[in-house]
Amino acid sequence: MAVCGPRECTDAQAEAARQVGTLLAQAGAVVICGGGTGVMAAVAAGARSAGGTVIGIRPGPDASDASPDLSATIVTNLGEARNAVIVWSADAVIAVGGSWGTLSEIALARRRGGVPVVVLDGWRVVGPDGEMVDDGTAYVGSPEEAVRAALP
């Protein structure tokens, strides 16, 4: 299960991500994230605290800035293109909060199709007419709802 979110997030988003990580680990899911700070570090800490496995997909040429709570780090040297690696490696994508990178991960996941995409306290896509796009994305209000919507 991929959990995406900004490296600069609010305290509430960090706490939500931590809870998502804990709940996913308790359900036996492997968590994939960007492996950095903010939402990524929070979800890693949550999953690790529950004995879970957390894989971090880093954008740079080394793992020197990776979260200490990762079980394993994959160094890609792909920059933001690593977002595609995260999305294509997951059975579902949960976005907590929003940044441009997070929006790209949501878009890649929707474009991929066939995987649940869940948004908690993040981007809502509207069309040219100003109406919210109904593309199957689940917009939820709590970590528990996010995990329920993501798990099969």
# chains A, B, ... in the order shown; residues from 1 in each chain; ligands from 1

$ residues_around --residues "segment 52-69 of chain A" --least-positions-apart "2" --cutoff "6 Å" --atoms "only C-alpha atoms" --output "PDB file with N, CA and C atoms, in the first residue's frame"
ATOM      1  N   ALA A  25      -0.048  -1.492   8.974  1.00  0.00           N
ATOM      2  CA  ALA A  25       0.836  -2.526   9.518  1.00  0.00           C
ATOM      3  C   ALA A  25       0.047  -3.556  10.314  1.00  0.00           C
ATOM      4  N   VAL A  30       2.302  -4.222   3.588  1.00  0.00           N
ATOM      5  CA  VAL A  30       3.600  -3.585   3.424  1.00  0.00           C
ATOM      6  C   VAL A  30       3.335  -2.167   2.949  1.00  0.00           C
ATOM      7  N   VAL A  31       3.996  -1.192   3.577  1.00  0.00           N
ATOM      8  CA  VAL A  31       3.799   0.210   3.244  1.00  0.00           C
ATOM      9  C   VAL A  31       4.941   0.678   2.344  1.00  0.00           C
ATOM     10  N   ILE A  32       4.572   1.365   1.266  1.00  0.00           N
ATOM     11  CA  ILE A  32       5.534   1.982   0.358  1.00  0.00           C
ATOM     12  C   ILE A  32       5.324   3.484   0.454  1.00  0.00           C
ATOM     13  N   CYS A  33       6.420   4.224   0.574  1.00  0.00           N
ATOM     14  CA  CYS A  33       6.302   5.676   0.624  1.00  0.00           C
ATOM     15  C   CYS A  33       7.550   6.283   0.006  1.00  0.00           C
ATOM     16  N   GLY A  34       7.599   7.596  -0.014  1.00  0.00           N
ATOM     17  CA  GLY A  34       8.748   8.287  -0.576  1.00  0.00           C
ATOM     18  C   GLY A  34       9.985   8.233   0.296  1.00  0.00           C
ATOM     19  N   GLY A  35       9.817   7.878   1.566  1.00  0.00           N
ATOM     20  CA  GLY A  35      10.954   7.657   2.440  1.00  0.00           C
ATOM     21  C   GLY A  35      11.628   8.884   3.006  1.00  0.00           C
ATOM     22  N   GLY A  36      11.001  10.056   2.866  1.00  0.00           N
ATOM     23  CA  GLY A  36      11.604  11.291   3.355  1.00  0.00           C
ATOM     24  C   GLY A  36      10.951  11.798   4.626  1.00  0.00           C
ATOM     25  N   ALA A  41       7.732  10.362   6.627  1.00  0.00           N
ATOM     26  CA  ALA A  41       8.346   9.946   7.889  1.00  0.00           C
ATOM     27  C   ALA A  41       7.284   9.506   8.889  1.00  0.00           C
ATOM     28  N   ALA A  44       5.917   6.066   8.007  1.00  0.00           N
ATOM     29  CA  ALA A  44       6.953   5.079   8.290  1.00  0.00           C
ATOM     30  C   ALA A  44       7.036   4.808   9.790  1.00  0.00           C
ATOM     31  N   ALA A  45       6.995   5.863  10.589  1.00  0.00           N
ATOM     32  CA  ALA A  45       7.046   5.704  12.037  1.00  0.00           C
ATOM     33  C   ALA A  45       5.842   4.923  12.550  1.00  0.00           C
ATOM     34  N   ALA A  47       3.907   2.735  10.884  1.00  0.00           N
ATOM     35  CA  ALA A  47       3.985   1.328  10.468  1.00  0.00           C
ATOM     36  C   ALA A  47       5.055   0.591  11.258  1.00  0.00           C
ATOM     37  N   ARG A  48       6.185   1.221  11.418  1.00  0.00           N
ATOM     38  CA  ARG A  48       7.287   0.586  12.155  1.00  0.00           C
ATOM     39  C   ARG A  48       6.905   0.349  13.612  1.00  0.00           C
ATOM     40  N   ALA A  50       4.166  -0.482  14.768  1.00  0.00           N
ATOM     41  CA  ALA A  50       3.260  -1.631  14.835  1.00  0.00           C
ATOM     42  C   ALA A  50       3.909  -2.893  14.277  1.00  0.00           C
ATOM     43  N   SER A  71      12.205   0.149   6.682  1.00  0.00           N
ATOM     44  CA  SER A  71      12.751  -1.206   6.739  1.00  0.00           C
ATOM     45  C   SER A  71      13.773  -1.402   5.636  1.00  0.00           C
ATOM     46  N   ALA A  72      13.509  -0.787   4.492  1.00  0.00           N
ATOM     47  CA  ALA A  72      14.416  -0.854   3.346  1.00  0.00           C
ATOM     48  C   ALA A  72      14.277   0.424   2.540  1.00  0.00           C
ATOM     49  N   THR A  73      15.377   0.826   1.917  1.00  0.00           N
ATOM     50  CA  THR A  73      15.392   2.037   1.101  1.00  0.00           C
ATOM     51  C   THR A  73      15.824   1.667  -0.306  1.00  0.00           C
ATOM     52  N   ILE A  74      15.070   2.156  -1.279  1.00  0.00           N
ATOM     53  CA  ILE A  74      15.435   1.969  -2.682  1.00  0.00           C
ATOM     54  C   ILE A  74      15.848   3.328  -3.214  1.00  0.00           C
ATOM     55  N   VAL A  75      17.091   3.423  -3.634  1.00  0.00           N
ATOM     56  CA  VAL A  75      17.650   4.662  -4.168  1.00  0.00           C
ATOM     57  C   VAL A  75      17.454   4.633  -5.679  1.00  0.00           C
ATOM     58  N   THR A  76      16.793   5.659  -6.223  1.00  0.00           N
ATOM     59  CA  THR A  76      16.465   5.635  -7.654  1.00  0.00           C
ATOM     60  C   THR A  76      17.244   6.629  -8.511  1.00  0.00           C
ATOM     61  N   ASN A  77      17.650   7.759  -7.929  1.00  0.00           N
ATOM     62  CA  ASN A  77      18.259   8.855  -8.683  1.00  0.00           C
ATOM     63  C   ASN A  77      17.354   9.295  -9.840  1.00  0.00           C
ATOM     64  N   LEU A  78      16.039   9.179  -9.641  1.00  0.00           N
ATOM     65  CA  LEU A  78      15.054   9.530 -10.666  1.00  0.00           C
ATOM     66  C   LEU A  78      14.379  10.873 -10.408  1.00  0.00           C
ATOM     67  N   GLY A  79      14.681  11.526  -9.303  1.00  0.00           N
ATOM     68  CA  GLY A  79      13.981  12.762  -8.973  1.00  0.00           C
ATOM     69  C   GLY A  79      12.504  12.475  -8.782  1.00  0.00           C
ATOM     70  N   ARG A  82      10.385   9.230  -9.547  1.00  0.00           N
ATOM     71  CA  ARG A  82      10.226   8.104  -8.622  1.00  0.00           C
ATOM     72  C   ARG A  82       8.777   7.967  -8.181  1.00  0.00           C
TER      73      ARG A  82
END

$ residues_around --residues "segment 100-105 of chain A" --least-positions-apart "3" --cutoff "8 Å" --atoms "only C-alpha atoms" --output "PyMOL selection string"
chain A and resi 4-6+80+83-84+87+95+97+108-109+123

$ closest_residue --among "A:Ile106, A:Ala17, A:Val126, A:Ala29" --to "Ser142 of chain A" --atoms "only C-alpha atoms"
A:Ala17

$ residues_around --residues "Ala150 of chain A" --least-positions-apart "2" --cutoff "6 Å" --atoms "only C-alpha atoms" --output "ChimeraX atom specification"
/A:92,116,147-148

$ closest_residue --among "A:Ala138, A:Leu70, A:Ile86, A:Ile94" --to "Leu24 of chain A" --atoms "only C-alpha atoms"
A:Ile94

$ residues_around --residues "Val96 of chain A" --least-positions-apart "2" --cutoff "12 Å" --atoms "only C-alpha atoms" --output "VMD selection string"
chain A and resid 2 to 21 33 38 to 40 42 to 43 93 to 94 98 to 99 101 to 103 105 to 106 117 to 124 139 to 143 146 to 147

$ select_by_dssp --residues "chain A" --states "strand (DSSP E)" --output "MDAnalysis selection string"
chainID A and resid 2:4 31:33 54:58 72:75 93:96 117:120 138:140

$ write_last_selection --atoms "N, CA and C atoms" --output "PDB file, in the first residue's frame"
ATOM      1  N   ALA A   2       0.680   2.112  -0.967  1.00  0.00           N
ATOM      2  CA  ALA A   2       1.453   3.354  -1.011  1.00  0.00           C
ATOM      3  C   ALA A   2       0.755   4.422  -0.188  1.00  0.00           C
ATOM      4  N   VAL A   3       1.546   5.172   0.559  1.00  0.00           N
ATOM      5  CA  VAL A   3       1.030   6.342   1.265  1.00  0.00           C
ATOM      6  C   VAL A   3       1.874   7.521   0.817  1.00  0.00           C
ATOM      7  N   CYS A   4       1.207   8.510   0.247  1.00  0.00           N
ATOM      8  CA  CYS A   4       1.879   9.671  -0.321  1.00  0.00           C
ATOM      9  C   CYS A   4       1.476  10.921   0.439  1.00  0.00           C
ATOM     10  N   VAL A  31       3.996  -1.192   3.577  1.00  0.00           N
ATOM     11  CA  VAL A  31       3.799   0.210   3.244  1.00  0.00           C
ATOM     12  C   VAL A  31       4.941   0.678   2.344  1.00  0.00           C
ATOM     13  N   ILE A  32       4.572   1.365   1.266  1.00  0.00           N
ATOM     14  CA  ILE A  32       5.534   1.982   0.358  1.00  0.00           C
ATOM     15  C   ILE A  32       5.324   3.484   0.454  1.00  0.00           C
ATOM     16  N   CYS A  33       6.420   4.224   0.574  1.00  0.00           N
ATOM     17  CA  CYS A  33       6.302   5.676   0.624  1.00  0.00           C
ATOM     18  C   CYS A  33       7.550   6.283   0.006  1.00  0.00           C
ATOM     19  N   VAL A  54       8.234  -1.177   5.961  1.00  0.00           N
ATOM     20  CA  VAL A  54       8.089   0.082   5.238  1.00  0.00           C
ATOM     21  C   VAL A  54       9.228   0.211   4.232  1.00  0.00           C
ATOM     22  N   ILE A  55       8.870   0.366   2.966  1.00  0.00           N
ATOM     23  CA  ILE A  55       9.836   0.535   1.896  1.00  0.00           C
ATOM     24  C   ILE A  55       9.820   1.992   1.456  1.00  0.00           C
ATOM     25  N   GLY A  56      10.980   2.634   1.446  1.00  0.00           N
ATOM     26  CA  GLY A  56      11.090   4.026   1.004  1.00  0.00           C
ATOM     27  C   GLY A  56      11.720   4.098  -0.364  1.00  0.00           C
ATOM     28  N   ILE A  57      11.078   4.814  -1.275  1.00  0.00           N
ATOM     29  CA  ILE A  57      11.576   5.002  -2.639  1.00  0.00           C
ATOM     30  C   ILE A  57      12.137   6.413  -2.726  1.00  0.00           C
ATOM     31  N   ARG A  58      13.460   6.550  -2.673  1.00  0.00           N
ATOM     32  CA  ARG A  58      14.089   7.867  -2.601  1.00  0.00           C
ATOM     33  C   ARG A  58      14.378   8.435  -3.990  1.00  0.00           C
ATOM     34  N   ALA A  72      13.509  -0.787   4.492  1.00  0.00           N
ATOM     35  CA  ALA A  72      14.416  -0.854   3.346  1.00  0.00           C
ATOM     36  C   ALA A  72      14.277   0.424   2.540  1.00  0.00           C
ATOM     37  N   THR A  73      15.377   0.826   1.917  1.00  0.00           N
ATOM     38  CA  THR A  73      15.392   2.037   1.101  1.00  0.00           C
ATOM     39  C   THR A  73      15.824   1.667  -0.306  1.00  0.00           C
ATOM     40  N   ILE A  74      15.070   2.156  -1.279  1.00  0.00           N
ATOM     41  CA  ILE A  74      15.435   1.969  -2.682  1.00  0.00           C
ATOM     42  C   ILE A  74      15.848   3.328  -3.214  1.00  0.00           C
ATOM     43  N   VAL A  75      17.091   3.423  -3.634  1.00  0.00           N
ATOM     44  CA  VAL A  75      17.650   4.662  -4.168  1.00  0.00           C
ATOM     45  C   VAL A  75      17.454   4.633  -5.679  1.00  0.00           C
ATOM     46  N   VAL A  93      -3.383   3.429  -3.280  1.00  0.00           N
ATOM     47  CA  VAL A  93      -2.649   4.653  -2.985  1.00  0.00           C
ATOM     48  C   VAL A  93      -3.494   5.507  -2.052  1.00  0.00           C
ATOM     49  N   ILE A  94      -2.904   5.843  -0.907  1.00  0.00           N
ATOM     50  CA  ILE A  94      -3.548   6.741   0.047  1.00  0.00           C
ATOM     51  C   ILE A  94      -2.734   8.025   0.061  1.00  0.00           C
ATOM     52  N   ALA A  95      -3.378   9.148  -0.206  1.00  0.00           N
ATOM     53  CA  ALA A  95      -2.717  10.457  -0.143  1.00  0.00           C
ATOM     54  C   ALA A  95      -3.198  11.171   1.109  1.00  0.00           C
ATOM     55  N   VAL A  96      -2.238  11.630   1.913  1.00  0.00           N
ATOM     56  CA  VAL A  96      -2.558  12.399   3.116  1.00  0.00           C
ATOM     57  C   VAL A  96      -1.981  13.791   2.917  1.00  0.00           C
ATOM     58  N   VAL A 117      -7.753   4.650  -5.011  1.00  0.00           N
ATOM     59  CA  VAL A 117      -7.068   5.902  -4.703  1.00  0.00           C
ATOM     60  C   VAL A 117      -7.905   6.592  -3.636  1.00  0.00           C
ATOM     61  N   VAL A 118      -7.252   6.893  -2.519  1.00  0.00           N
ATOM     62  CA  VAL A 118      -7.930   7.445  -1.351  1.00  0.00           C
ATOM     63  C   VAL A 118      -7.252   8.752  -0.967  1.00  0.00           C
ATOM     64  N   VAL A 119      -8.028   9.775  -0.698  1.00  0.00           N
ATOM     65  CA  VAL A 119      -7.479  11.078  -0.312  1.00  0.00           C
ATOM     66  C   VAL A 119      -8.021  11.466   1.060  1.00  0.00           C
ATOM     67  N   LEU A 120      -7.107  11.794   1.961  1.00  0.00           N
ATOM     68  CA  LEU A 120      -7.441  12.244   3.307  1.00  0.00           C
ATOM     69  C   LEU A 120      -6.831  13.625   3.499  1.00  0.00           C
ATOM     70  N   ALA A 138     -11.715   8.007  -3.623  1.00  0.00           N
ATOM     71  CA  ALA A 138     -12.451   8.038  -2.354  1.00  0.00           C
ATOM     72  C   ALA A 138     -11.895   9.175  -1.504  1.00  0.00           C
ATOM     73  N   TYR A 139     -12.747  10.115  -1.149  1.00  0.00           N
ATOM     74  CA  TYR A 139     -12.372  11.212  -0.257  1.00  0.00           C
ATOM     75  C   TYR A 139     -12.894  10.860   1.124  1.00  0.00           C
ATOM     76  N   VAL A 140     -11.994  10.756   2.088  1.00  0.00           N
ATOM     77  CA  VAL A 140     -12.367  10.273   3.413  1.00  0.00           C
ATOM     78  C   VAL A 140     -11.985  11.285   4.488  1.00  0.00           C
TER      79      VAL A 140
END

$ closest_residue --among "A:Pro152, A:Ser49, A:Gly113, A:Gly28" --to "Asp135 of chain A" --atoms "only C-alpha atoms"
A:Gly113

$ select_by_dssp --residues "chain A" --states "alpha helix (DSSP H)" --output "ChimeraX atom specification"
/A:11-26,39-49,82-88,100-112,143-150

$ write_last_selection --atoms "C-alpha atoms" --output "mmCIF file, in the first residue's frame"
data_model
loop_
_atom_site.group_PDB
_atom_site.id
_atom_site.type_symbol
_atom_site.label_atom_id
_atom_site.label_comp_id
_atom_site.auth_asym_id
_atom_site.auth_seq_id
_atom_site.Cartn_x
_atom_site.Cartn_y
_atom_site.Cartn_z
ATOM 1 C CA ASP A 11 0.823 18.417 12.580
ATOM 2 C CA ALA A 12 -2.674 17.023 11.970
ATOM 3 C CA GLN A 13 -1.605 15.502 8.638
ATOM 4 C CA ALA A 14 1.483 13.964 10.252
ATOM 5 C CA GLU A 15 -0.661 12.434 12.987
ATOM 6 C CA ALA A 16 -3.151 11.105 10.418
ATOM 7 C CA ALA A 17 -0.300 9.591 8.379
ATOM 8 C CA ARG A 18 1.151 7.976 11.494
ATOM 9 C CA GLN A 19 -2.243 6.425 12.264
ATOM 10 C CA VAL A 20 -2.601 5.232 8.655
ATOM 11 C CA GLY A 21 0.811 3.564 8.893
ATOM 12 C CA THR A 22 -0.076 1.878 12.171
ATOM 13 C CA LEU A 23 -3.411 0.608 10.847
ATOM 14 C CA LEU A 24 -1.889 -0.689 7.606
ATOM 15 C CA ALA A 25 0.836 -2.526 9.518
ATOM 16 C CA GLN A 26 -1.731 -4.022 11.885
ATOM 17 C CA VAL A 39 3.938 12.577 5.778
ATOM 18 C CA MET A 40 6.480 10.032 4.567
ATOM 19 C CA ALA A 41 8.346 9.946 7.889
ATOM 20 C CA ALA A 42 5.099 9.868 9.860
ATOM 21 C CA VAL A 43 3.635 6.906 7.981
ATOM 22 C CA ALA A 44 6.953 5.079 8.290
ATOM 23 C CA ALA A 45 7.046 5.704 12.037
ATOM 24 C CA GLY A 46 3.463 4.517 12.440
ATOM 25 C CA ALA A 47 3.985 1.328 10.468
ATOM 26 C CA ARG A 48 7.287 0.586 12.155
ATOM 27 C CA SER A 49 5.766 1.131 15.632
ATOM 28 C CA ARG A 82 10.226 8.104 -8.622
ATOM 29 C CA ASN A 83 6.548 8.950 -7.962
ATOM 30 C CA ALA A 84 5.658 6.571 -10.787
ATOM 31 C CA VAL A 85 7.690 3.814 -9.116
ATOM 32 C CA ILE A 86 5.772 4.325 -5.867
ATOM 33 C CA VAL A 87 2.364 4.264 -7.577
ATOM 34 C CA TRP A 88 3.111 1.300 -9.835
ATOM 35 C CA TRP A 100 2.418 19.208 -6.174
ATOM 36 C CA GLY A 101 4.284 15.918 -5.804
ATOM 37 C CA THR A 102 1.303 14.372 -4.033
ATOM 38 C CA LEU A 103 -1.002 15.595 -6.777
ATOM 39 C CA SER A 104 1.237 13.941 -9.364
ATOM 40 C CA GLU A 105 1.019 10.646 -7.457
ATOM 41 C CA ILE A 106 -2.780 10.877 -7.328
ATOM 42 C CA ALA A 107 -2.882 11.611 -11.063
ATOM 43 C CA LEU A 108 -0.528 8.726 -11.877
ATOM 44 C CA ALA A 109 -2.592 6.354 -9.758
ATOM 45 C CA ARG A 110 -5.858 7.446 -11.396
ATOM 46 C CA ARG A 111 -4.237 7.144 -14.818
ATOM 47 C CA ARG A 112 -2.962 3.669 -13.951
ATOM 48 C CA PRO A 143 -7.265 7.392 8.958
ATOM 49 C CA GLU A 144 -9.615 4.494 9.704
ATOM 50 C CA GLU A 145 -11.791 5.320 6.686
ATOM 51 C CA ALA A 146 -8.689 5.681 4.511
ATOM 52 C CA VAL A 147 -7.400 2.247 5.404
ATOM 53 C CA ARG A 148 -10.837 0.631 5.005
ATOM 54 C CA ALA A 149 -11.188 2.187 1.550
ATOM 55 C CA ALA A 150 -7.714 1.036 0.488
#
